[in-house]
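Participant: My questions all concern the structure below.
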Amino acid sequence: MNDSRSALRILAHEKAVPIIANELSRRRFLSLAALAGGTAVLAACAPGGGGNTSPSSQASGGALEGSLSVYTWGDYDSPDVVKNFTSDLGPKVTLDSYSSNEELIAKLIAAKGTSGFDIVVPTGVFIPQMIENGLLTKFTKSLLPNLENMDPAYLGRAWDPENDYSVCKAWGTTGFVYDKTVITRELKTWNDFFDAAQNEASGKTSMSDDPAGIIGAYFWANDADWNTQDTAQLDACRSFLVEKIAPHIAAFDSYPGTNAIPQGTQVLMQAWNGDARLGLLASSEPERWQWVLPGPQTELWMDNWAIAAGAPHPEAAHAFINFSMTPENLMLNLDYIGYNVGGKDMESAAEEAGLELPELIFFDEAQLATMHEQTLNESQTVRVEIWNEMKAAAGA
């Protein structure tokens, strides 16, 4: 990665992760109300409860509008794709970013179909509630012929079986990176991670600023269902994380690839695969670091293209999503963000292009079998409480 591009992406990541009270980091499946100890996600906008009831804009294949507004994660689209879309098809693209699904949903709820946003990129687990509460517009699939370029493995997910409202934008997983000059033994599992955090990496360990990843790691280490609502299991998780692990944590950092890996400020870091890859590519000593996709379990998340209810430019929105699914643009986005974008034959195309560190993007069947998606349930409030207690105990 050249220095200018690395600097640009690091700046974008910093802008995408503001340090504010009770900030929830990206791709998390927590309810808006959970922060205040309230009810389940989107209850405030349930049918008959103040949700969006305005009709959705539908595309019919007419002329493209002159502009397009995309509300997405920070630095999540190749600038070349955006530039080429405008050059080839005309609409000028405006990109705005959010740092959590909760922030996205809150904005759409408040706007009641008048947000002005066309395309949004929610994580899959939120989509059923967003559909139910009228926050998304149904696709006009005839305007998305490039769906044929998507790998069937990443279509028809449980949250939208017919891809009527969404299609894969990118997906990834969670693991960790460690400094081999400090931790000289091989780490392979989440139990290894926690053991090293209490020993060689004590005071030099970071975990994601993210309740799902932190709490998930405990259940993954114990090869247990990380979506459990069992009170005893959640209490055991609380005790372990708050009492045994928190005293050893130096930082809660969802983007160690931005600074911690390149600058070597920590020696053990929980990380998403794409962010870890960014850090390794930006490091002046890449051989110093080891990426681990730990067993026995970890997570799988998927972000999705979708069109907001009341989108003012539905024709351009369909055109941009379709444009992003050409083989050339799928590869441009994969290369830029470092996550699998769900296209057919992407691994072989990446190999032919000489893409660096493909093992942090593509996973074999055995690895995929260890990855499990999170579900929203009534334990979210407890999970946020554990996260807050752990951060307080760590003093980070």
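Naming works like this for the structure tokens: A, B, ... for the chains as they're shown, residue 1 at the start of each chain, ligands 1 onward in shown order.
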What are the closest atom pairs, with distances in Å to one decimal, for all residues of stretch 228-343 of chain A lying within 7 Å of stretch 75-78 of chain A? Consider only C-alpha atoms, order rows by chain and residue number, and present the result as CSV.
Facilitator:
residue,atom,partner,partner_atom,distance
A:Leu332,CA,A:Ser78,CA,6.2
A:Asn333,CA,A:Ser78,CA,5.1
A:Tyr336,CA,A:Ser78,CA,5.6
A:Ile337,CA,A:Tyr76,CA,6.1
Participant: Mind dumping the selected residues with N, CA and C atoms as an mmCIF file, in the first residue's frame?
Facilitator:
data_model
loop_
_atom_site.group_PDB
_atom_site.id
_atom_site.type_symbol
_atom_site.label_atom_id
_atom_site.label_comp_id
_atom_site.auth_asym_id
_atom_site.auth_seq_id
_atom_site.Cartn_x
_atom_site.Cartn_y
_atom_site.Cartn_z
ATOM 1 N N LEU A 332 -12.069 -3.953 -7.537
ATOM 2 C CA LEU A 332 -11.573 -2.673 -7.035
ATOM 3 C C LEU A 332 -11.970 -2.473 -5.576
ATOM 4 N N ASN A 333 -13.202 -2.812 -5.235
ATOM 5 C CA ASN A 333 -13.633 -2.658 -3.845
ATOM 6 C C ASN A 333 -12.938 -3.650 -2.925
ATOM 7 N N TYR A 336 -9.482 -2.453 -2.239
ATOM 8 C CA TYR A 336 -9.419 -1.230 -1.443
ATOM 9 C C TYR A 336 -9.769 -1.466 0.022
ATOM 10 N N ILE A 337 -10.855 -2.204 0.294
ATOM 11 C CA ILE A 337 -11.285 -2.359 1.685
ATOM 12 C C ILE A 337 -10.713 -3.597 2.358
#
Participant: Name the residues in contact with A:Asp151 at a cut-off of 12 Å, using only C-alpha atoms, excluding same-chain residues fewer than 3 positions from it; report them as a PyMOL selection string.
Facilitator: chain A and resi 146-148+154-156+167-170+325+327+330+340-347
Participant: Using only C-alpha atoms, which of A:Asp88, A:Glu373, A:Glu287, A:Glu102 sits nearest A:Trp220?
Facilitator: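 Of all the options, A:Glu373 lies closest to A:Trp220.
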Participant: Between atom CA of A:Arg277 and atom CA of A:Leu355, what is the spacing in Å?
Facilitator: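 Computing it gives 11.5 Å between the two atoms.
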Participant: Neighbouring residues of A:Gly395 were defined as those with any atom within 12 Å, considering only C-alpha atoms; residues of the same chain fewer than 6 positions away were excluded. Please report them as a VMD selection string.
Facilitator: chain A and resid 203 242 246 to 252 388 to 389
Participant: Name the residues of stretch 52-270 of chain A that come out as strand (DSSP E) in a backbone DSSP run; write them as number ranges by chain.
Facilitator: A: 67-73, 92-98, 119-120, 136-137, 167-179, 205-207, 249-252, 268-270
Participant: For the structure I just gave you, how does DSSP split stretch 207-344 of chain A - specifically, which residues are helix (DSSP H, G or I)? Reply as an MDAnalysis selection string.
Facilitator: chainID A and resid 211:221 231:248 260:263 273:282 286:288 314:324 327:337
Participant: When you look at stretch 256-272 of chain A with a cut-off of 7 Å (counting only C-alpha atoms), what residues show up, excluding the ones that are within fewer than 5 positions of it in the same chain? I need them as a list in words.
Facilitator: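 Counting only C-alpha atoms, the residues come to Ile10, Thr173, Thr174, Gly175, Phe176, Val177, Tyr178, Asp179, Ala201, Lys204, Thr205, Ser206, Met207, Ser208, Leu278, Gly279, Leu280, Ala282, Ser283 and Ser284 of chain A.
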Participant: Keeping only all heavy atoms, write those residues as a CSV table (one decimal), in the first residue's frame.
Facilitator:
chain,number,residue,atom,x,y,z
A,10,ILE,N,-6.2,5.8,6.9
A,10,ILE,CA,-6.1,6.0,8.3
A,10,ILE,C,-6.9,7.2,8.8
A,10,ILE,O,-7.7,7.1,9.8
A,10,ILE,CB,-4.6,6.1,8.7
A,10,ILE,CG1,-3.9,4.7,8.6
A,10,ILE,CG2,-4.5,6.6,10.2
A,10,ILE,CD1,-2.5,4.8,8.8
A,173,THR,N,-14.8,-11.4,9.5
A,173,THR,CA,-14.8,-12.2,10.7
A,173,THR,C,-13.9,-11.5,11.7
A,173,THR,O,-13.3,-10.4,11.5
A,173,THR,CB,-14.3,-13.6,10.5
A,173,THR,OG1,-14.5,-14.4,11.6
A,173,THR,CG2,-12.8,-13.6,10.0
A,174,THR,N,-13.7,-12.1,12.9
A,174,THR,CA,-13.0,-11.5,14.0
A,174,THR,C,-11.9,-12.5,14.5
A,174,THR,O,-12.2,-13.7,14.7
A,174,THR,CB,-13.9,-11.1,15.2
A,174,THR,OG1,-14.8,-10.2,14.8
A,174,THR,CG2,-13.1,-10.6,16.4
A,175,GLY,N,-10.7,-12.0,14.6
A,175,GLY,CA,-9.6,-12.8,15.2
A,175,GLY,C,-8.7,-11.9,16.0
A,175,GLY,O,-9.2,-11.0,16.7
A,176,PHE,N,-7.4,-12.2,16.0
A,176,PHE,CA,-6.5,-11.3,16.7
A,176,PHE,C,-5.1,-11.3,16.1
A,176,PHE,O,-4.8,-12.2,15.2
A,176,PHE,CB,-6.4,-11.7,18.2
A,176,PHE,CG,-5.9,-13.1,18.5
A,176,PHE,CD1,-4.6,-13.4,18.6
A,176,PHE,CD2,-6.9,-14.1,18.8
A,176,PHE,CE1,-4.2,-14.7,18.9
A,176,PHE,CE2,-6.5,-15.4,19.2
A,176,PHE,CZ,-5.1,-15.7,19.2
A,177,VAL,N,-4.3,-10.4,16.4
A,177,VAL,CA,-2.9,-10.2,16.0
A,177,VAL,C,-2.0,-10.1,17.2
A,177,VAL,O,-2.4,-9.5,18.2
A,177,VAL,CB,-2.8,-8.9,15.1
A,177,VAL,CG1,-1.3,-8.7,14.7
A,177,VAL,CG2,-3.7,-9.0,13.8
A,178,TYR,N,-0.9,-10.8,17.1
A,178,TYR,CA,0.1,-10.6,18.2
A,178,TYR,C,1.5,-10.4,17.7
A,178,TYR,O,1.9,-10.8,16.6
A,178,TYR,CB,0.0,-11.9,19.2
A,178,TYR,CG,0.5,-13.2,18.6
A,178,TYR,CD1,1.8,-13.6,18.8
A,178,TYR,CD2,-0.4,-14.1,18.0
A,178,TYR,CE1,2.2,-14.9,18.4
A,178,TYR,CE2,0.0,-15.3,17.6
A,178,TYR,CZ,1.3,-15.7,17.8
A,178,TYR,OH,1.7,-17.0,17.3
A,179,ASP,N,2.3,-9.9,18.6
A,179,ASP,CA,3.7,-9.5,18.4
A,179,ASP,C,4.6,-10.7,18.7
A,179,ASP,O,4.7,-11.1,19.9
A,179,ASP,CB,4.1,-8.3,19.2
A,179,ASP,CG,5.5,-7.8,18.9
A,179,ASP,OD1,6.3,-8.6,18.4
A,179,ASP,OD2,5.8,-6.6,19.3
A,201,ALA,N,1.3,-10.5,27.6
A,201,ALA,CA,0.7,-9.3,27.0
A,201,ALA,C,0.0,-8.4,28.0
A,201,ALA,O,-0.7,-7.5,27.6
A,201,ALA,CB,-0.2,-9.6,25.8
A,204,LYS,N,-0.6,-4.7,27.7
A,204,LYS,CA,-0.3,-4.4,26.3
A,204,LYS,C,-1.3,-5.1,25.4
A,204,LYS,O,-0.9,-5.4,24.2
A,204,LYS,CB,1.1,-4.8,25.9
A,204,LYS,CG,2.2,-3.9,26.6
A,204,LYS,CD,2.3,-2.6,25.9
A,204,LYS,CE,3.5,-1.8,26.3
A,204,LYS,NZ,3.6,-0.5,25.6
A,205,THR,N,-2.5,-5.3,25.9
A,205,THR,CA,-3.5,-6.0,25.1
A,205,THR,C,-4.7,-5.0,24.8
A,205,THR,O,-5.1,-4.2,25.7
A,205,THR,CB,-4.1,-7.2,25.9
A,205,THR,OG1,-3.1,-8.1,26.1
A,205,THR,CG2,-5.3,-7.8,25.2
A,206,SER,N,-5.2,-5.1,23.6
A,206,SER,CA,-6.4,-4.3,23.3
A,206,SER,C,-7.5,-5.3,22.8
A,206,SER,O,-7.3,-6.3,22.2
A,206,SER,CB,-6.2,-3.3,22.2
A,206,SER,OG,-5.9,-3.9,21.0
A,207,MET,N,-8.8,-4.9,23.1
A,207,MET,CA,-9.9,-5.6,22.6
A,207,MET,C,-10.8,-4.6,21.9
A,207,MET,O,-10.7,-3.4,22.1
A,207,MET,CB,-10.7,-6.3,23.7
A,207,MET,CG,-9.9,-7.4,24.4
A,207,MET,SD,-10.9,-8.4,25.5
A,207,MET,CE,-11.9,-9.4,24.3
A,208,SER,N,-11.7,-5.1,21.0
A,208,SER,CA,-12.5,-4.2,20.2
A,208,SER,C,-13.4,-3.4,21.2
A,208,SER,O,-13.8,-3.9,22.2
A,208,SER,CB,-13.4,-5.0,19.3
A,208,SER,OG,-12.6,-5.7,18.4
A,278,LEU,N,-5.0,-4.4,6.9
A,278,LEU,CA,-4.5,-3.0,6.7
A,278,LEU,C,-3.3,-2.7,7.5
A,278,LEU,O,-2.4,-2.1,7.1
A,278,LEU,CB,-5.7,-2.1,7.0
A,278,LEU,CG,-5.4,-0.6,6.9
A,278,LEU,CD1,-5.0,-0.1,5.5
A,278,LEU,CD2,-6.6,0.2,7.4
A,279,GLY,N,-3.4,-3.1,8.8
A,279,GLY,CA,-2.3,-2.8,9.7
A,279,GLY,C,-1.0,-3.5,9.3
A,279,GLY,O,0.1,-3.0,9.4
A,280,LEU,N,-1.1,-4.8,8.9
A,280,LEU,CA,0.1,-5.5,8.5
A,280,LEU,C,0.7,-4.9,7.2
A,280,LEU,O,1.9,-4.8,7.1
A,280,LEU,CB,-0.3,-7.0,8.2
A,280,LEU,CG,-0.8,-7.8,9.4
A,280,LEU,CD1,-1.1,-9.2,9.0
A,280,LEU,CD2,0.3,-7.8,10.5
A,282,ALA,N,0.5,-1.8,6.4
A,282,ALA,CA,1.1,-0.5,6.7
A,282,ALA,C,2.3,-0.6,7.6
A,282,ALA,O,3.0,0.4,7.8
A,282,ALA,CB,0.0,0.3,7.4
A,283,SER,N,2.6,-1.8,8.2
A,283,SER,CA,3.7,-1.9,9.2
A,283,SER,C,5.0,-2.0,8.4
A,283,SER,O,5.1,-2.6,7.4
A,283,SER,CB,3.5,-3.2,10.0
A,283,SER,OG,4.6,-3.5,10.8
A,284,SER,N,6.0,-1.4,9.0
A,284,SER,CA,7.4,-1.4,8.5
A,284,SER,C,8.0,-2.7,8.9
A,284,SER,O,9.1,-3.1,8.3
A,284,SER,CB,8.2,-0.2,9.0
A,284,SER,OG,8.3,-0.3,10.4
Participant: Write out as a list in words each polymer residue whose atoms come within 9 Å of A:Ile307, counting only C-alpha atoms; drop sequence neighbours fewer than 5 positions from it.
Facilitator: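 In the requested form, the answer reads Phe117, Asp118, Ile119, Val120, Val121, Leu135, Leu136, Thr137, Lys138, Phe139, Tyr165, Ser166, Pro314, Ala317 and His318 of chain A.
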Participant: Kindly save the residues from that selection, with C-alpha atoms included, as an mmCIF file, in the first residue's frame.
Facilitator:
data_model
loop_
_atom_site.group_PDB
_atom_site.id
_atom_site.type_symbol
_atom_site.label_atom_id
_atom_site.label_comp_id
_atom_site.auth_asym_id
_atom_site.auth_seq_id
_atom_site.Cartn_x
_atom_site.Cartn_y
_atom_site.Cartn_z
ATOM 1 C CA PHE A 117 -30.252 9.153 1.791
ATOM 2 C CA ASP A 118 -30.555 6.755 -1.118
ATOM 3 C CA ILE A 119 -28.233 3.839 -0.346
ATOM 4 C CA VAL A 120 -27.524 2.502 3.148
ATOM 5 C CA VAL A 121 -25.312 -0.420 4.212
ATOM 6 C CA LEU A 135 -36.998 1.654 6.758
ATOM 7 C CA LEU A 136 -35.961 0.026 3.462
ATOM 8 C CA THR A 137 -37.257 0.061 -0.115
ATOM 9 C CA LYS A 138 -37.799 -3.166 -2.023
ATOM 10 C CA PHE A 139 -35.439 -3.632 -4.973
ATOM 11 C CA TYR A 165 -34.191 -5.642 0.025
ATOM 12 C CA SER A 166 -30.468 -6.285 0.330
ATOM 13 C CA PRO A 314 -34.059 5.430 -6.627
ATOM 14 C CA ALA A 317 -29.398 4.029 -6.332
ATOM 15 C CA HIS A 318 -30.155 0.893 -8.332
#
Participant: Can you list, as a list in words, every protein, DNA or RNA residue that comes within 9 Å of A:Ser60 when you count only C-alpha atoms, leaving out same-chain residues fewer than 4 positions away?
Facilitator: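 The contact residues come out as Thr140, Ser142, Leu143, Pro314 and Glu315 of chain A.
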Participant: Nearest residue to A:Ala369 out of A:Gln198, A:Ser97, A:Asn273, A:Thr298, using only C-alpha atoms?
Facilitator: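 That would be A:Thr298, the residue with the smallest distance to A:Ala369.
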